[in-house]
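upload_36.pdb (PDB, C-alpha atoms) appears below.
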```pdb
ATOM      1  CA  SER A 158      34.842 -15.845  26.257
ATOM      2  CA  GLN A 159      31.465 -16.100  24.611
ATOM      3  CA  TRP A 160      28.266 -15.815  26.644
ATOM      4  CA  PRO A 161      26.134 -18.950  26.703
ATOM      5  CA  GLU A 162      22.856 -18.976  24.826
ATOM      6  CA  PRO A 163      19.690 -18.710  26.953
ATOM      7  CA  SER A 164      18.829 -22.271  25.900
ATOM      8  CA  GLU A 165      21.991 -23.536  27.621
ATOM      9  CA  TRP A 166      20.697 -22.497  31.063
ATOM     10  CA  GLN A 167      18.548 -24.803  33.160
ATOM     11  CA  VAL A 168      16.495 -23.830  36.207
ATOM     12  CA  THR A 169      14.873 -26.409  38.452
ATOM     13  CA  THR A 170      12.832 -26.005  41.606
ATOM     14  CA  GLU A 171      12.431 -28.409  44.509
ATOM     15  CA  GLU A 172      15.193 -30.544  43.016
ATOM     16  CA  PRO A 173      15.895 -33.786  44.883
ATOM     17  CA  ALA A 174      19.472 -33.970  46.164
ATOM     18  CA  PRO A 175      20.157 -37.347  47.733
ATOM     19  CA  PRO A 176      20.034 -38.596  50.309
ATOM     20  CA  ASP A 177      17.227 -36.467  51.849
ATOM     21  CA  ASN A 178      17.525 -32.937  50.514
ATOM     22  CA  ARG A 179      15.255 -30.891  48.291
ATOM     23  CA  LEU A 180      16.937 -27.814  46.812
ATOM     24  CA  ASP A 181      14.658 -24.791  46.400
ATOM     25  CA  ILE A 182      16.170 -23.455  43.160
ATOM     26  CA  VAL A 183      19.097 -24.752  41.096
ATOM     27  CA  LEU A 184      20.544 -22.765  38.201
ATOM     28  CA  ARG A 185      22.947 -24.597  35.850
ATOM     29  CA  CYS A 186      24.868 -23.959  32.690
ATOM     30  CA  ARG A 187      26.740 -27.042  31.496
ATOM     31  CA  ALA A 188      28.541 -25.063  28.790
ATOM     32  CA  GLN A 189      30.057 -22.783  31.440
ATOM     33  CA  ARG A 190      30.359 -25.587  34.041
ATOM     34  CA  PHE A 191      28.431 -23.342  36.437
ATOM     35  CA  ILE A 192      25.885 -24.192  39.148
ATOM     36  CA  THR A 193      24.136 -22.141  41.821
ATOM     37  CA  VAL A 194      21.850 -23.418  44.561
ATOM     38  CA  PHE A 195      19.384 -20.948  46.100
ATOM     39  CA  GLU A 196      17.925 -21.651  49.519
ATOM     40  CA  ASN A 197      14.872 -19.433  49.894
ATOM     41  CA  LYS A 198      14.022 -18.789  53.556
ATOM     42  CA  VAL A 199      11.028 -16.554  54.176
ATOM     43  CA  ASP A 200       9.070 -17.980  57.100
ATOM     44  CA  ALA A 201      10.553 -21.458  57.520
ATOM     45  CA  ARG A 202      13.418 -22.324  59.819
ATOM     46  CA  GLU A 203      16.525 -24.114  58.655
ATOM     47  CA  GLN A 204      16.606 -27.867  58.964
ATOM     48  CA  ASP A 205      19.400 -29.631  60.831
ATOM     49  CA  ASN A 206      22.726 -28.941  59.105
ATOM     50  CA  GLN A 207      20.806 -27.769  56.036
ATOM     51  CA  MET A 208      23.335 -25.430  54.462
ATOM     52  CA  ASP A 209      26.262 -27.718  55.264
ATOM     53  CA  ARG A 210      24.374 -30.601  53.608
ATOM     54  CA  TYR A 211      23.764 -28.448  50.527
ATOM     55  CA  ALA A 212      27.449 -27.502  50.425
ATOM     56  CA  ALA A 213      28.382 -31.194  50.623
ATOM     57  CA  TRP A 214      26.003 -31.923  47.735
ATOM     58  CA  LEU A 215      27.630 -29.140  45.724
ATOM     59  CA  ASP A 216      31.068 -30.607  46.469
ATOM     60  CA  LYS A 217      29.913 -33.821  44.781
ATOM     61  CA  GLN A 218      29.070 -31.777  41.665
ATOM     62  CA  LYS A 219      32.559 -30.196  41.499
ATOM     63  CA  LYS A 220      33.858 -32.338  38.609
ATOM     64  CA  THR A 221      30.986 -31.364  36.302
ATOM     65  CA  PHE A 222      30.381 -27.892  37.758
ATOM     66  CA  PRO A 223      33.584 -26.410  39.218
ATOM     67  CA  ASP A 224      32.130 -22.877  39.265
ATOM     68  CA  GLN A 225      29.679 -22.983  42.191
ATOM     69  CA  ASN A 226      27.596 -20.738  44.410
ATOM     70  CA  LEU A 227      25.408 -21.387  47.415
ATOM     71  CA  ILE A 228      22.916 -18.564  47.984
ATOM     72  CA  PHE A 229      20.915 -18.007  51.180
ATOM     73  CA  LEU A 230      18.009 -15.705  50.266
ATOM     74  CA  THR A 231      15.934 -14.117  53.050
ATOM     75  CA  PRO A 232      13.806 -10.985  53.447
ATOM     76  CA  ASP A 233      16.491  -9.302  55.582
ATOM     77  CA  ARG A 234      19.821 -10.935  54.569
ATOM     78  CA  ARG A 235      20.196 -12.809  57.828
ATOM     79  CA  ALA A 236      23.026 -15.276  58.218
ATOM     80  CA  PRO A 237      22.301 -18.985  57.941
ATOM     81  CA  ALA A 238      22.715 -20.789  61.254
ATOM     82  CA  THR A 239      23.751 -24.042  59.559
ATOM     83  CA  ASP A 240      26.588 -22.771  57.349
ATOM     84  CA  THR A 241      29.549 -23.734  59.542
ATOM     85  CA  HIS A 242      32.043 -23.433  56.658
ATOM     86  CA  GLY A 243      30.948 -19.980  55.501
ATOM     87  CA  ARG A 244      30.084 -21.093  51.956
ATOM     88  CA  ALA A 245      26.737 -19.336  51.631
ATOM     89  CA  VAL A 246      26.386 -15.927  50.061
ATOM     90  CA  ARG A 247      23.657 -13.944  51.814
ATOM     91  CA  LEU A 248      21.137 -12.063  49.694
ATOM     92  CA  SER A 249      17.966 -10.238  50.677
ATOM     93  CA  TYR A 250      14.652  -9.610  49.044
ATOM     94  CA  ARG A 251      14.703  -6.107  50.518
ATOM     95  CA  LYS A 252      17.946  -4.995  48.875
ATOM     96  CA  HIS A 253      19.172  -7.392  46.206
ATOM     97  CA  ILE A 254      15.940  -8.682  44.680
ATOM     98  CA  THR A 255      14.320  -5.241  44.871
ATOM     99  CA  GLU A 256      17.273  -3.591  43.088
ATOM    100  CA  TRP A 257      17.343  -6.296  40.431
ATOM    101  CA  LEU A 258      13.605  -5.988  39.762
ATOM    102  CA  GLN A 259      13.775  -2.192  39.625
ATOM    103  CA  CYS A 260      16.625  -2.409  37.130
ATOM    104  CA  ALA A 261      14.713  -4.967  35.055
ATOM    105  CA  ARG A 262      11.626  -2.734  34.982
ATOM    106  CA  LYS A 263      13.627   0.009  33.278
ATOM    107  CA  LYS A 264      14.425  -2.373  30.413
ATOM    108  CA  ILE A 265      11.023  -4.064  30.046
ATOM    109  CA  LEU A 266       8.864  -2.960  27.163
ATOM    110  CA  PRO A 267       5.607  -4.925  27.490
ATOM    111  CA  LYS A 268       3.405  -3.049  29.954
ATOM    112  CA  ARG A 269       1.885  -6.319  31.231
ATOM    113  CA  LEU A 270       5.257  -7.570  32.383
ATOM    114  CA  ASP A 271       6.117  -4.227  33.935
ATOM    115  CA  TRP A 272       2.848  -4.380  35.876
ATOM    116  CA  ALA A 273       3.688  -7.921  37.064
ATOM    117  CA  LEU A 274       7.125  -6.779  38.253
ATOM    118  CA  GLU A 275       5.531  -3.850  40.068
ATOM    119  CA  GLN A 276       3.174  -6.253  41.844
ATOM    120  CA  TYR A 277       6.088  -8.535  42.773
ATOM    121  CA  LEU A 278       7.969  -5.553  44.200
ATOM    122  CA  ASP A 279       4.941  -4.948  46.442
ATOM    123  CA  VAL A 280       5.135  -8.575  47.602
ATOM    124  CA  VAL A 281       8.860  -8.213  48.351
ATOM    125  CA  GLU A 282       8.158  -5.070  50.373
ATOM    126  CA  SER A 283       5.456  -6.834  52.384
ATOM    127  CA  LEU A 284       7.847  -9.753  53.094
ATOM    128  CA  TYR A 285      10.365  -7.345  54.485
ATOM    129  CA  LYS A 286       7.801  -5.495  56.628
ATOM    130  CA  ARG A 287       6.595  -8.803  58.091
ATOM    131  CA  HIS A 288      10.138  -9.583  59.240
ATOM    132  CA  LEU A 289      10.997  -6.259  60.871
TER     133      LEU A 289
END
```

Output the structure of this file as structure tokens.
Amino acid sequence: SQWPEPSEWQVTTEEPAPPDNRLDIVLRCRAQRFITVFENKVDAREQDNQMDRYAAWLDKQKKTFPDQNLIFLTPDRRAPATDTHGRAVRLSYRKHITEWLQCARKKILPKRLDWALEQYLDVVESLYKRHL
């Protein structure tokens, strides 16, 4: 199958998800019928039934986006307390985001962008140290 063009991808932040949800990051590709919701938890606690509510919202998107992911992103890859159905994939800034950024830095040519990624890696490291 052919890879979708970059223009076919859509990223939104703080997306309203009725009735009372606000999704941190949503990544979609209509051409691939793919959607991923990222819940970014650094210092905040989960709201009541938060991950289960997000999973229910995703279920309502199934017809348009059958290929779905629900990501719970934290500094230390902790488990979400409100994911009673086990739908969320756990990722960490410490391991997953750090590895991705380090890999990206090897392929980045503009020095300015490499410097920005280096600074962001420092931020990720400080997030992790704060949560030890």

When you look at segment 270-286 of chain A with a cut-off of 7 Å (counting only C-alpha atoms), what residues show up, excluding the ones that are within fewer than 6 positions of it in the same chain? I need them as a ChimeraX atom specification.
/A:232-233,250-251,255,258,262

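The shortest atom-to-atom distance to Glu203 of chain A, with all atoms listed in the file taken into account, belongs to A:Leu230 out of A:Ala261, A:Val246, A:Leu266, A:Leu230.
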
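Shortest atom-to-atom contact with Arg187 of chain A among A:Asp224, A:Asp200, A:Asp216, A:Asp209: A:Asp224, counting only C-alpha atoms.
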
List the residues sitting within 12 Å of (30.8, -16.6, 52.0) in the file's frame, using only C-alpha atoms, as an MDAnalysis selection string.
chainID A and resid 208 212 225:229 236:237 240:248

Suppose a student applies the PyMOL selection byres ((chain A and resi 171) around 6) to this structure; what residues should they get, written as an MDAnalysis selection string?
chainID A and resid 170 172 179:181

With C-alpha atoms retained, write the just-selected residues as a CSV table (one decimal), keeping the file's coordinate frame.
```
chain,number,residue,atom,x,y,z
A,170,THR,CA,12.8,-26.0,41.6
A,172,GLU,CA,15.2,-30.5,43.0
A,179,ARG,CA,15.3,-30.9,48.3
A,180,LEU,CA,16.9,-27.8,46.8
A,181,ASP,CA,14.7,-24.8,46.4
```

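Distances to Gln218 of chain A were evaluated for A:Trp257, A:Ile192, A:Pro173, A:Ile182 using only C-alpha atoms, and the minimum falls at A:Ile192.
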
A:Ala188, A:Ala238, A:Ala213, A:Cys260 ranked by distance to Glu165 of chain A, top pick (using only C-alpha atoms):
A:Ala188

Atom CA of Gln167 of chain A and atom CA of Val199 of chain A are how many Å apart?
23.8 Å

Using all atoms listed in the file: which of A:Phe195, A:Arg210, A:Arg190, A:Pro223 has the shortest distance to Val168 of chain A:
A:Phe195

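Straight-line separation from atom CA of Pro163 of chain A to atom CA of Val183 of chain A: 15.4 Å.
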
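Nearest to Thr169 of chain A of all the residues A:Val194, A:Gln189, A:Arg235, A:Ser249 is A:Val194, counting all atoms listed in the file.
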
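Pairwise distance (atom CA of Asp177 of chain A, atom CA of Phe191 of chain A) equals 23.1 Å.
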
Using all atoms of segment 236-248 of chain A that appear in the file, construct an axis-aligned enclosing box with 8 Å of padding on every side and provide its centre coordinates and edge lengths in Å, rounded to one decimal, as JSON.
```
{"center_x": 26.6, "center_y": -18.1, "center_z": 55.5, "size_x": 26.9, "size_y": 28.0, "size_z": 27.6}
```
